[in-house]
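> Can you read through this structure? Questions will come right after.
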Amino acid sequence: MQSQNTSLWKPAIQSGLIAGGVAVLLSLVGMVATFNQRFIISGVFSMGQVIFLAPMLLMSYFFLRKTMALSSQKIVLYGLLIGVMGGLVLVLLVLLGTNFNLQAMFINSSSKLYDILTFNQPLAPGLMILLALSAVMGVLASGSFLIPPRISAAVIQGITWVLLVGLLRDLIITVTSRWGPLAGPVKSLFAVSGLKPLGAIFLFALISGLYYWRNGKPVSPAQKPTQTKDRSLLFWAKWAGLIILLLLLPPILGIFFSDILDTVFMYILMGIGLNIVVGFAGLLDLGYVAFFAIGAYTMGVLTSPELNADPMTYWQALPFAMIACVVAGLILGLPVLKMRGDYLAIVTLGFGEIVRLLALSDWLRPWFGGSQGIQLIAQPVIGNMVLNTQQELYYLFLLGVGIVAFIAWRLRDSRMGRTWMAIREDEDVAIAMGINHVAYKLMAFATGALFSGIAGTIFAAKLQSVYPHSMNFLVSINVLCLIIIGGMGSIPGVFVGSLVLMGSPELLREFAEYRYLVYGALLVVMMLTRPEGLWPDARRKLELHEEELEAEAHVLAEAETSAMKSAK
Amino acid sequence: MPLLEVENLHTYYGNIHALKGISLTVEKGEIVTLIGGNGAGKTTTLRTICGLLKPREGRVKLEGEDLTQYKAHDIVYKGIAMVPEGRGVFARLTVMENLEMGAFSLKSKDQVNKNIERIFGLFPRLKDRRSQVAGTLSGGEQQMLATGRALMANPSILLMDEPSMGLAPVLVEVIFDTIEQVNKEGVTILLVEQNALMALGVAHRGYVLQTGEIILSDSADKLQKNSTVQKAYLGME
Ligand SMILES: Nc1ncnc2c1ncn2[C@@H]1O[C@H](COP(=O)(O)OP(=O)(O)O)[C@@H](O)[C@H]1O
Ligand SMILES: [Mg+2]
């Protein structure tokens, strides 16, 4: 036991050094200085400080979480060690930066940065504070393993919420200002930048209190086995609640958030389609944006008076756009679906680019408008209401998503869905059972194309214009990423993935140039900690835990053998 | 007329000449085994019969009809089903769904249900695990499932590719017992094996395959006594 524990010193030191390295990196790319004036708790600590101290806290937390059953002394010691090592790396940076001019290499290595890192104190005491605080961070993480789990979970929730709310102050005030009587009290929690100290304490107490209380609620045995009738009632009540909430979102959230929601829902629409192609049928399509473009452009060509003496309305053009997408899906699919894996990815990638280049070309300018795109695209009209604000268009996206999600969900549980899954798992075996794999793949491909095209038509109507440059490769990649983040093959996963992937960059807008750094870091962390996605499909989870399965199957086999032997 | 007749089959992987003129026959009601070492071309033979590989030369005939003209996914409709090497169960589908997939070629729902009952009679363990996903079954159960799945198509001939692979000896015996039982119920079987001892134990006749060529064919009893077979495949000196 003892020897096993001592062997952890080295990894602990390593972790500390890595944490310090991350803190140094974040300092040198300029994040620390940029967010120094951005207070989380007004006058107490700023976002900048969080950025260079958090690595120690997080590293220590994850390190200790991985190692099991240590004595409490050891927990504190390792936490302390990680904090101190991280702090030492930062101290080294300050010493280097104040004695040598690093600015030729690192533009952000300014005296301002070092003032921040030494908390505006003279060098020696400043460094002491830096080191001490880093150590405190490490030990703080240890603390969460020493107190009862229920308390530590509540505290972690409290801290997380304080950080988030402090960070998103401006957005929260904008949104809540619409909430009448609630606006005043909410605003009183905040200072000019970040939360007021009292506000932070209140928020922390509220959140951790609520969390503590909720976690401890005893489940009375009489309550648990609800009758099936009650349960289905509860099921419908939940759905009804969710739908009402979704319908009320635009007025609750206001224009800014409605616009984000439009983007999120547009990507959900595409994500559900691509999820059928990649998640269900296992066809890696990297040119998915092509169908989005075809939908948008068909809408543009048919409804814009620029190109048309007698333009159609949105609803008249919609069926044509849908047909165009399905046909395009079939035409592309037929030659490529006989290919496997990598080839398919490359060919579809090429197809996406071809579609974009065609839209951009001077040659087709009379029809597609070239680089100028198409303007004056029709907006959907319902009754005598024109859907043209972000909030109104949200309902159109919501309707589209609702229909498409329902179809996808039914497809998954149908014979067709299982056939796709079979082809994905073992194509040859599926063929040997009589499955015409090309036909089934084509169906997946065309369905995906259709859903993407529908998203394209709403996109065109929302902007009233389409440009070739909106149809770039990044769209395909974003859709693929959100599926992976949500969980391959999982329909709720598409919702979560889109919310995280398309929503969070909008919320992080304030981070401006660091947006994609943060975003990338989030992705890496997520893939390391939850490779199966945020809301994985129950069956799909298996795939990523194959080793465990194999081990389990091995145990089963042994049991099986001995059972047989004893039976004989 | 033999049920299955393979004539002078030549199959290539690119330039690799994997089957060099294989001919064999399987009569209705027989168990015929094709034995041979690793890389001899056993799997290639079965995949060519199933249409998954196109032969460059030669014929595969079922009841006299040439099958090489058909697409791979039409072969099962003609009455050939395969239990693939390494079982190839659909890991994320349940036992029930795997069996239903096996009956993809059947039109009548009643027939499917009848077949499922029959498979559950043959492999009671599958019935207990009907709603479990196949990836969580043990090796023996997966082999039962793969066999049951192939039988779901009501094949007139069942091709089995190394059913004993990776199974404990006791389980191999169980699997071979069911092979005999299935055969007694009227299904003709072409059994590919490396485990010559077991295969010759259940088969009526056998062929020995070596680097893409049939080097011996005889009744199972005679092959067991053949000195070449004993040396090369039965581990006797
Ligand atoms: N996909 C493939 N590509 C190229 N060569 C292959 C392929 N599959 C099998 N072969 C070659 O064909 C020969 C026969 O293989 P196979 O039929 O799998 O043998 P067996 O099933 O008897 O072990 C071997 O030499 C093998 O290397
Ligand atoms: Mg083989």
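Starting from 1 in every chain, residues are counted up; chains themselves are A, B, ... following the order of the structure tokens, and ligands are numbered from 1 as listed.
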What does the list of residues within 9 Å of ligand 1 look like if you count only C-alpha atoms and all ligand atoms, written as a compact mmCIF listing (two decimals) with all heavy atoms, in the first residue's frame?

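After the write, pocket-v5.txt holds the following:
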# COMPACT_ATOMS: atom_id res chain seq x y z
N TYR B 12 -9.82 -14.27 -57.29
CA TYR B 12 -8.61 -13.45 -57.09
C TYR B 12 -8.90 -12.32 -56.12
O TYR B 12 -10.00 -11.79 -56.07
CB TYR B 12 -8.17 -12.81 -58.42
CG TYR B 12 -7.59 -13.78 -59.43
CD1 TYR B 12 -8.42 -14.65 -60.11
CD2 TYR B 12 -6.24 -13.79 -59.70
CE1 TYR B 12 -7.92 -15.53 -61.04
CE2 TYR B 12 -5.71 -14.66 -60.64
CZ TYR B 12 -6.54 -15.54 -61.31
OH TYR B 12 -6.04 -16.40 -62.23
N TYR B 13 -7.86 -11.94 -55.36
CA TYR B 13 -7.88 -10.64 -54.66
C TYR B 13 -6.85 -9.80 -55.40
O TYR B 13 -5.66 -9.96 -55.17
CB TYR B 13 -7.44 -10.77 -53.21
CG TYR B 13 -8.40 -11.55 -52.32
CD1 TYR B 13 -8.12 -12.84 -51.93
CD2 TYR B 13 -9.56 -10.94 -51.84
CE1 TYR B 13 -8.99 -13.54 -51.10
CE2 TYR B 13 -10.43 -11.63 -51.01
CZ TYR B 13 -10.14 -12.93 -50.65
OH TYR B 13 -10.98 -13.60 -49.83
N GLY B 14 -7.29 -8.95 -56.28
CA GLY B 14 -6.32 -8.22 -57.10
C GLY B 14 -5.51 -9.22 -57.91
O GLY B 14 -6.06 -9.94 -58.74
N ASN B 15 -4.21 -9.28 -57.63
CA ASN B 15 -3.37 -10.22 -58.36
C ASN B 15 -3.21 -11.57 -57.64
O ASN B 15 -2.65 -12.50 -58.21
CB ASN B 15 -1.97 -9.64 -58.56
CG ASN B 15 -2.01 -8.53 -59.59
OD1 ASN B 15 -2.79 -8.59 -60.53
ND2 ASN B 15 -1.18 -7.52 -59.39
N ILE B 16 -3.67 -11.59 -56.38
CA ILE B 16 -3.48 -12.82 -55.62
C ILE B 16 -4.48 -13.87 -56.06
O ILE B 16 -5.70 -13.67 -56.00
CB ILE B 16 -3.64 -12.55 -54.11
CG1 ILE B 16 -2.65 -11.47 -53.68
CG2 ILE B 16 -3.44 -13.83 -53.31
CD1 ILE B 16 -2.91 -10.94 -52.29
N HIS B 17 -3.98 -14.97 -56.52
CA HIS B 17 -4.81 -16.06 -57.00
C HIS B 17 -5.19 -16.94 -55.82
O HIS B 17 -4.44 -17.83 -55.43
CB HIS B 17 -4.01 -16.86 -58.04
CG HIS B 17 -4.86 -17.74 -58.89
ND1 HIS B 17 -4.35 -18.44 -59.94
CD2 HIS B 17 -6.17 -18.03 -58.85
CE1 HIS B 17 -5.32 -19.14 -60.50
NE2 HIS B 17 -6.42 -18.92 -59.86
N ALA B 18 -6.34 -16.66 -55.18
CA ALA B 18 -6.66 -17.32 -53.91
C ALA B 18 -7.29 -18.69 -54.11
O ALA B 18 -7.00 -19.62 -53.37
CB ALA B 18 -7.57 -16.42 -53.08
N LEU B 19 -8.16 -18.83 -55.10
CA LEU B 19 -8.75 -20.15 -55.39
C LEU B 19 -8.32 -20.58 -56.78
O LEU B 19 -8.54 -19.86 -57.75
CB LEU B 19 -10.29 -20.08 -55.33
CG LEU B 19 -10.93 -19.70 -54.01
CD1 LEU B 19 -12.45 -19.87 -54.12
CD2 LEU B 19 -10.38 -20.53 -52.85
N ILE B 35 -11.90 -28.84 -44.97
CA ILE B 35 -10.90 -28.56 -43.95
C ILE B 35 -9.62 -28.06 -44.60
O ILE B 35 -9.36 -28.32 -45.78
CB ILE B 35 -10.60 -29.80 -43.05
CG1 ILE B 35 -10.20 -31.00 -43.90
CG2 ILE B 35 -11.78 -30.12 -42.18
CD1 ILE B 35 -9.93 -32.24 -43.08
N GLY B 36 -8.85 -27.33 -43.81
CA GLY B 36 -7.62 -26.76 -44.33
C GLY B 36 -7.05 -25.78 -43.34
O GLY B 36 -7.76 -25.28 -42.47
N GLY B 37 -5.74 -25.53 -43.49
CA GLY B 37 -5.07 -24.65 -42.53
C GLY B 37 -5.40 -23.20 -42.76
O GLY B 37 -6.22 -22.85 -43.61
N ASN B 38 -4.74 -22.36 -41.99
CA ASN B 38 -4.93 -20.92 -42.10
C ASN B 38 -4.52 -20.43 -43.49
O ASN B 38 -3.46 -20.78 -43.97
CB ASN B 38 -4.04 -20.25 -41.05
CG ASN B 38 -4.80 -19.19 -40.31
OD1 ASN B 38 -5.82 -18.70 -40.79
ND2 ASN B 38 -4.33 -18.84 -39.13
N GLY B 39 -5.37 -19.64 -44.11
CA GLY B 39 -5.01 -19.05 -45.40
C GLY B 39 -5.16 -20.01 -46.57
O GLY B 39 -4.73 -19.70 -47.68
N ALA B 40 -5.76 -21.17 -46.35
CA ALA B 40 -5.91 -22.14 -47.43
C ALA B 40 -6.91 -21.67 -48.49
O ALA B 40 -6.83 -22.06 -49.65
CB ALA B 40 -6.36 -23.49 -46.87
N GLY B 41 -7.86 -20.83 -48.07
CA GLY B 41 -8.87 -20.33 -49.01
C GLY B 41 -10.27 -20.78 -48.64
O GLY B 41 -11.19 -20.67 -49.46
N LYS B 42 -10.47 -21.23 -47.40
CA LYS B 42 -11.78 -21.71 -46.99
C LYS B 42 -12.82 -20.59 -47.00
O LYS B 42 -13.90 -20.73 -47.58
CB LYS B 42 -11.70 -22.33 -45.58
CG LYS B 42 -10.65 -23.43 -45.45
CD LYS B 42 -10.61 -24.04 -44.06
CE LYS B 42 -10.23 -23.07 -42.96
NZ LYS B 42 -8.86 -22.54 -43.04
N THR B 43 -12.44 -19.47 -46.33
CA THR B 43 -13.37 -18.34 -46.27
C THR B 43 -13.65 -17.81 -47.66
O THR B 43 -14.80 -17.50 -48.02
CB THR B 43 -12.80 -17.24 -45.37
OG1 THR B 43 -12.60 -17.77 -44.06
CG2 THR B 43 -13.73 -16.06 -45.28
N THR B 44 -12.59 -17.75 -48.48
CA THR B 44 -12.76 -17.26 -49.85
C THR B 44 -13.76 -18.12 -50.61
O THR B 44 -14.60 -17.62 -51.36
CB THR B 44 -11.40 -17.25 -50.57
OG1 THR B 44 -10.46 -16.55 -49.75
CG2 THR B 44 -11.49 -16.58 -51.91
N THR B 45 -13.69 -19.42 -50.42
CA THR B 45 -14.63 -20.32 -51.09
C THR B 45 -16.07 -19.99 -50.69
O THR B 45 -16.93 -19.83 -51.55
CB THR B 45 -14.32 -21.79 -50.73
OG1 THR B 45 -12.94 -22.03 -50.96
CG2 THR B 45 -15.16 -22.73 -51.54
N LEU B 46 -16.30 -19.86 -49.39
CA LEU B 46 -17.67 -19.59 -48.95
C LEU B 46 -18.15 -18.23 -49.45
O LEU B 46 -19.30 -18.08 -49.87
CB LEU B 46 -17.75 -19.63 -47.42
CG LEU B 46 -17.58 -21.00 -46.76
CD1 LEU B 46 -18.02 -20.97 -45.30
CD2 LEU B 46 -18.38 -22.07 -47.51
N ARG B 47 -17.26 -17.23 -49.40
CA ARG B 47 -17.67 -15.89 -49.83
C ARG B 47 -17.95 -15.88 -51.34
O ARG B 47 -18.80 -15.11 -51.80
CB ARG B 47 -16.60 -14.87 -49.47
CG ARG B 47 -16.55 -14.60 -47.96
CD ARG B 47 -15.36 -13.73 -47.57
NE ARG B 47 -15.39 -12.44 -48.23
CZ ARG B 47 -16.07 -11.39 -47.79
NH1 ARG B 47 -16.76 -11.48 -46.67
NH2 ARG B 47 -16.04 -10.26 -48.43
N GLU B 85 -17.43 -16.18 -40.59
CA GLU B 85 -16.26 -16.36 -39.73
C GLU B 85 -16.30 -15.30 -38.62
O GLU B 85 -16.64 -14.15 -38.86
CB GLU B 85 -15.01 -16.15 -40.58
CG GLU B 85 -13.72 -16.47 -39.87
CD GLU B 85 -12.54 -16.36 -40.86
OE1 GLU B 85 -12.46 -15.37 -41.60
OE2 GLU B 85 -11.73 -17.28 -40.88
N ASP B 161 -18.70 -21.02 -41.37
CA ASP B 161 -17.27 -20.73 -41.45
C ASP B 161 -16.63 -20.81 -40.06
O ASP B 161 -16.82 -19.91 -39.23
CB ASP B 161 -17.05 -19.34 -42.07
CG ASP B 161 -15.62 -19.16 -42.56
OD1 ASP B 161 -14.75 -19.96 -42.16
OD2 ASP B 161 -15.37 -18.21 -43.32
N GLU B 162 -15.93 -21.86 -39.80
CA GLU B 162 -15.22 -22.08 -38.54
C GLU B 162 -16.03 -21.76 -37.29
O GLU B 162 -15.67 -20.89 -36.53
CB GLU B 162 -13.91 -21.27 -38.53
CG GLU B 162 -12.99 -21.72 -39.66
CD GLU B 162 -11.54 -21.37 -39.37
OE1 GLU B 162 -11.14 -21.51 -38.19
OE2 GLU B 162 -10.83 -20.97 -40.31
N VAL B 192 -17.00 -25.39 -42.92
CA VAL B 192 -15.58 -25.07 -43.09
C VAL B 192 -14.93 -25.12 -41.72
O VAL B 192 -15.47 -24.58 -40.76
CB VAL B 192 -15.44 -23.67 -43.72
CG1 VAL B 192 -14.15 -23.05 -43.33
CG2 VAL B 192 -15.58 -23.76 -45.22
N GLU B 193 -13.83 -25.83 -41.60
CA GLU B 193 -13.21 -25.95 -40.27
C GLU B 193 -11.68 -26.07 -40.34
O GLU B 193 -11.13 -26.60 -41.32
CB GLU B 193 -13.75 -27.19 -39.53
CG GLU B 193 -14.85 -26.88 -38.53
CD GLU B 193 -14.46 -25.91 -37.43
OE1 GLU B 193 -13.26 -25.72 -37.17
OE2 GLU B 193 -15.37 -25.32 -36.82
N GLN B 194 -11.02 -25.57 -39.31
CA GLN B 194 -9.62 -25.92 -39.09
C GLN B 194 -9.53 -27.10 -38.14
O GLN B 194 -8.59 -27.86 -38.14
CB GLN B 194 -8.85 -24.74 -38.48
CG GLN B 194 -8.46 -23.69 -39.49
CD GLN B 194 -7.36 -22.79 -38.97
OE1 GLN B 194 -6.30 -23.26 -38.57
NE2 GLN B 194 -7.63 -21.51 -38.96
N LEU B 209 -8.45 -28.70 -48.34
CA LEU B 209 -8.04 -27.57 -49.14
C LEU B 209 -6.65 -27.13 -48.72
O LEU B 209 -6.35 -27.05 -47.53
CB LEU B 209 -9.04 -26.42 -48.89
CG LEU B 209 -8.98 -25.19 -49.79
CD1 LEU B 209 -9.30 -25.57 -51.23
CD2 LEU B 209 -10.00 -24.17 -49.30
N GLN B 210 -5.79 -26.89 -49.73
CA GLN B 210 -4.44 -26.41 -49.41
C GLN B 210 -4.06 -25.36 -50.45
O GLN B 210 -4.17 -25.62 -51.65
CB GLN B 210 -3.47 -27.59 -49.47
CG GLN B 210 -2.24 -27.37 -48.62
CD GLN B 210 -1.40 -28.64 -48.58
OE1 GLN B 210 -0.91 -29.11 -49.59
NE2 GLN B 210 -1.26 -29.21 -47.39
N THR B 211 -3.65 -24.21 -49.99
CA THR B 211 -3.30 -23.07 -50.85
C THR B 211 -4.16 -22.99 -52.11
O THR B 211 -3.66 -22.97 -53.23
CB THR B 211 -1.81 -23.12 -51.26
OG1 THR B 211 -1.52 -24.38 -51.85
CG2 THR B 211 -0.91 -22.89 -50.06
N GLY B 212 -5.44 -22.95 -51.87
CA GLY B 212 -6.36 -22.68 -52.97
C GLY B 212 -6.69 -23.84 -53.86
O GLY B 212 -7.31 -23.68 -54.91
> Kindly provide, as a PyMOL selection string, the residues of chain B having any atom no farther than 8 Å from an atom of chain A, counting only C-alpha atoms.
chain B and resi 50+52+72-77+81-82+84+88+90-93+97+101-105+133+135-140+150+153+168+170-171
> Keeping N, CA, C and O atoms for every residue in the selection just given, could you write it to a file as a short mmCIF file (atom, residue, chain, number, x, y, z; two decimals), in the first residue's frame?

data_model
loop_
_atom_site.label_atom_id
_atom_site.label_comp_id
_atom_site.auth_asym_id
_atom_site.auth_seq_id
_atom_site.Cartn_x
_atom_site.Cartn_y
_atom_site.Cartn_z
N CYS B 50 -21.40 -17.37 -51.85
CA CYS B 50 -22.43 -16.40 -51.45
C CYS B 50 -22.54 -15.22 -52.38
O CYS B 50 -23.38 -14.35 -52.18
N LEU B 52 -20.41 -12.80 -52.50
CA LEU B 52 -19.72 -11.62 -51.96
C LEU B 52 -18.42 -11.36 -52.71
O LEU B 52 -17.91 -10.26 -52.73
N ALA B 72 -25.06 -10.31 -54.90
CA ALA B 72 -24.85 -10.96 -53.61
C ALA B 72 -26.10 -10.97 -52.75
O ALA B 72 -26.39 -11.96 -52.07
N HIS B 73 -26.86 -9.86 -52.79
CA HIS B 73 -28.02 -9.81 -51.88
C HIS B 73 -29.21 -10.61 -52.41
O HIS B 73 -30.25 -10.67 -51.76
N ASP B 74 -29.08 -11.21 -53.60
CA ASP B 74 -30.15 -12.07 -54.09
C ASP B 74 -29.93 -13.54 -53.75
O ASP B 74 -30.85 -14.35 -53.84
N ILE B 75 -28.70 -13.88 -53.36
CA ILE B 75 -28.34 -15.29 -53.18
C ILE B 75 -29.18 -15.95 -52.09
O ILE B 75 -29.61 -17.09 -52.23
N VAL B 76 -29.43 -15.21 -51.00
CA VAL B 76 -30.16 -15.80 -49.89
C VAL B 76 -31.58 -16.20 -50.33
O VAL B 76 -32.14 -17.18 -49.86
N TYR B 77 -32.14 -15.46 -51.28
CA TYR B 77 -33.47 -15.80 -51.78
C TYR B 77 -33.46 -17.13 -52.52
O TYR B 77 -34.48 -17.77 -52.70
N ALA B 81 -27.67 -19.68 -46.94
CA ALA B 81 -27.44 -18.76 -45.83
C ALA B 81 -26.07 -19.04 -45.24
O ALA B 81 -25.56 -20.16 -45.33
N MET B 82 -25.47 -18.01 -44.65
CA MET B 82 -24.11 -18.16 -44.16
C MET B 82 -23.98 -17.78 -42.69
O MET B 82 -24.57 -16.82 -42.23
N PRO B 84 -21.07 -16.44 -40.70
CA PRO B 84 -19.74 -15.94 -41.10
C PRO B 84 -18.65 -16.28 -40.10
O PRO B 84 -18.92 -16.62 -38.95
N GLY B 88 -19.85 -12.58 -36.51
CA GLY B 88 -20.46 -11.41 -37.15
C GLY B 88 -21.87 -11.09 -36.69
O GLY B 88 -22.71 -10.70 -37.49
N PHE B 90 -24.70 -8.73 -35.03
CA PHE B 90 -24.85 -7.28 -34.97
C PHE B 90 -24.83 -6.88 -33.50
O PHE B 90 -25.83 -7.03 -32.80
N ALA B 91 -23.68 -6.38 -33.05
CA ALA B 91 -23.45 -6.23 -31.62
C ALA B 91 -24.47 -5.32 -30.93
O ALA B 91 -24.81 -5.53 -29.78
N ARG B 92 -24.95 -4.32 -31.65
CA ARG B 92 -25.83 -3.37 -30.97
C ARG B 92 -27.31 -3.69 -31.14
O ARG B 92 -28.17 -3.01 -30.61
N LEU B 93 -27.61 -4.72 -31.91
CA LEU B 93 -29.00 -5.16 -31.98
C LEU B 93 -29.23 -6.23 -30.93
O LEU B 93 -28.30 -6.95 -30.55
N GLU B 97 -33.71 -8.89 -32.43
CA GLU B 97 -33.55 -8.10 -33.66
C GLU B 97 -32.56 -8.76 -34.62
O GLU B 97 -32.73 -8.71 -35.83
N MET B 101 -33.43 -9.83 -38.38
CA MET B 101 -32.59 -9.46 -39.52
C MET B 101 -32.29 -10.68 -40.38
O MET B 101 -32.26 -10.60 -41.60
N GLY B 102 -32.05 -11.80 -39.70
CA GLY B 102 -31.76 -13.03 -40.43
C GLY B 102 -32.90 -13.43 -41.35
O GLY B 102 -32.69 -14.07 -42.37
N ALA B 103 -34.12 -13.02 -40.96
CA ALA B 103 -35.29 -13.37 -41.76
C ALA B 103 -35.65 -12.26 -42.73
O ALA B 103 -36.77 -12.19 -43.22
N PHE B 104 -34.68 -11.40 -43.02
CA PHE B 104 -34.93 -10.26 -43.91
C PHE B 104 -35.55 -10.71 -45.23
O PHE B 104 -36.38 -10.02 -45.81
N SER B 105 -35.15 -11.89 -45.69
CA SER B 105 -35.60 -12.34 -47.02
C SER B 105 -36.99 -12.95 -46.99
O SER B 105 -37.54 -13.26 -48.04
N VAL B 133 -28.63 -7.04 -25.83
CA VAL B 133 -27.91 -6.73 -27.08
C VAL B 133 -26.84 -7.79 -27.30
O VAL B 133 -26.20 -8.27 -26.36
N GLY B 135 -23.89 -7.84 -28.45
CA GLY B 135 -22.50 -7.59 -28.06
C GLY B 135 -22.19 -8.05 -26.65
O GLY B 135 -21.03 -8.25 -26.30
N THR B 136 -23.20 -8.22 -25.81
CA THR B 136 -22.95 -8.61 -24.43
C THR B 136 -23.10 -10.12 -24.22
O THR B 136 -23.04 -10.59 -23.10
N LEU B 137 -23.29 -10.86 -25.30
CA LEU B 137 -23.38 -12.32 -25.16
C LEU B 137 -21.98 -12.91 -25.07
O LEU B 137 -21.01 -12.33 -25.54
N SER B 138 -21.88 -14.10 -24.51
CA SER B 138 -20.60 -14.79 -24.48
C SER B 138 -20.32 -15.37 -25.87
O SER B 138 -21.20 -15.40 -26.73
N GLY B 139 -19.09 -15.81 -26.07
CA GLY B 139 -18.71 -16.33 -27.38
C GLY B 139 -19.60 -17.46 -27.86
O GLY B 139 -20.03 -17.49 -29.01
N GLY B 140 -19.91 -18.38 -26.96
CA GLY B 140 -20.74 -19.52 -27.33
C GLY B 140 -22.14 -19.08 -27.72
O GLY B 140 -22.71 -19.55 -28.72
N ALA B 150 -28.82 -17.35 -39.26
CA ALA B 150 -28.75 -17.88 -40.63
C ALA B 150 -29.93 -18.82 -40.91
O ALA B 150 -30.50 -18.80 -42.00
N ALA B 153 -33.57 -17.73 -42.28
CA ALA B 153 -33.91 -17.52 -43.69
C ALA B 153 -34.47 -18.77 -44.36
O ALA B 153 -34.70 -18.76 -45.56
N ALA B 168 -14.23 -22.60 -26.12
CA ALA B 168 -13.70 -23.65 -25.24
C ALA B 168 -14.20 -25.00 -25.75
O ALA B 168 -15.29 -25.10 -26.29
N VAL B 170 -15.58 -27.62 -24.53
CA VAL B 170 -16.93 -28.07 -24.16
C VAL B 170 -17.98 -27.41 -25.02
O VAL B 170 -18.96 -28.02 -25.44
N LEU B 171 -17.74 -26.13 -25.30
CA LEU B 171 -18.71 -25.39 -26.09
C LEU B 171 -18.68 -25.84 -27.53
O LEU B 171 -19.72 -25.90 -28.20
#
> Measuring atom to atom with only C-alpha atoms and all ligand atoms, identify which of B:Asn183, B:Ser164, B:Gln143, B:Gln230 is nearest to ligand 2.
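Ranked by minimum distance to ligand 2, first place goes to B:Ser164.
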> Neighbouring residues of segment 527-535 of chain A were defined as those with any atom within 6 Å, considering only C-alpha atoms; residues of the same chain fewer than 5 positions away were excluded. Please report them as a CSV table (one decimal) with all heavy atoms, in the first residue's frame.

chain,number,residue,atom,x,y,z
A,485,ILE,N,-20.3,15.3,-30.6
A,485,ILE,CA,-20.3,15.8,-29.2
A,485,ILE,C,-21.6,15.4,-28.5
A,485,ILE,O,-21.6,15.0,-27.3
A,485,ILE,CB,-20.3,17.4,-29.2
A,485,ILE,CG1,-18.9,17.8,-29.7
A,485,ILE,CG2,-20.6,18.0,-27.8
A,485,ILE,CD1,-18.3,18.9,-29.1
A,486,GLY,N,-22.7,15.4,-29.2
A,486,GLY,CA,-24.0,15.0,-28.6
A,486,GLY,C,-24.0,13.5,-28.4
A,486,GLY,O,-24.5,13.0,-27.4
A,487,GLY,N,-23.4,12.7,-29.3
A,487,GLY,CA,-23.4,11.3,-29.2
A,487,GLY,C,-23.9,10.7,-30.5
A,487,GLY,O,-25.1,10.9,-30.8
A,493,GLY,N,-29.1,13.7,-28.5
A,493,GLY,CA,-27.7,14.2,-28.6
A,493,GLY,C,-27.5,15.3,-29.5
A,493,GLY,O,-26.7,16.2,-29.3
> In Å, how far is it from atom CA of His469 of chain A to atom CA of Leu360 of chain A?
8.2 Å
> Pick out the closest residue to Lys184 of chain B from this set: B:Leu62, B:Val202, B:Leu34, B:Leu197. Count only C-alpha atoms.
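Selected residue with least distance to Lys184 of chain B: B:Val202.
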> Name the residues in contact with Met137 of chain A at a cut-off of 8 Å, using only C-alpha atoms, excluding same-chain residues fewer than 6 positions from it; report them as an mmCIF file with C-alpha atoms, in the first residue's frame.

data_model
loop_
_atom_site.group_PDB
_atom_site.id
_atom_site.type_symbol
_atom_site.label_atom_id
_atom_site.label_comp_id
_atom_site.auth_asym_id
_atom_site.auth_seq_id
_atom_site.Cartn_x
_atom_site.Cartn_y
_atom_site.Cartn_z
ATOM 1 C CA LEU A 53 -5.310 30.022 -11.062
ATOM 2 C CA ALA A 54 -7.981 27.611 -12.259
ATOM 3 C CA MET A 56 -4.067 24.289 -10.531
ATOM 4 C CA LEU A 57 -7.497 23.746 -9.027
ATOM 5 C CA GLY A 83 -0.674 23.652 -6.544
#
> So which bits of segment 23-123 of chain A end up helix (DSSP H, G or I) when you DSSP the backbone, as number ranges by chain?
A: 23-28, 31-34, 47-66, 72-99, 111-117, 123
> In terms of the shortest atom-to-atom distance over only C-alpha atoms, which of B:Met96, B:Met165, B:Val83, B:Lys109 is closest to Thr147 of chain B?
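Closest to Thr147 of chain B, using only C-alpha atoms: B:Val83.
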> Would you list, as a PyMOL selection string, the residues of segment 52-237 of chain B that end up in strand (DSSP E) under DSSP run on this structure's backbone?
chain B and resi 57-62+65-66+80-83+157-161+188-193+205-210+213-219
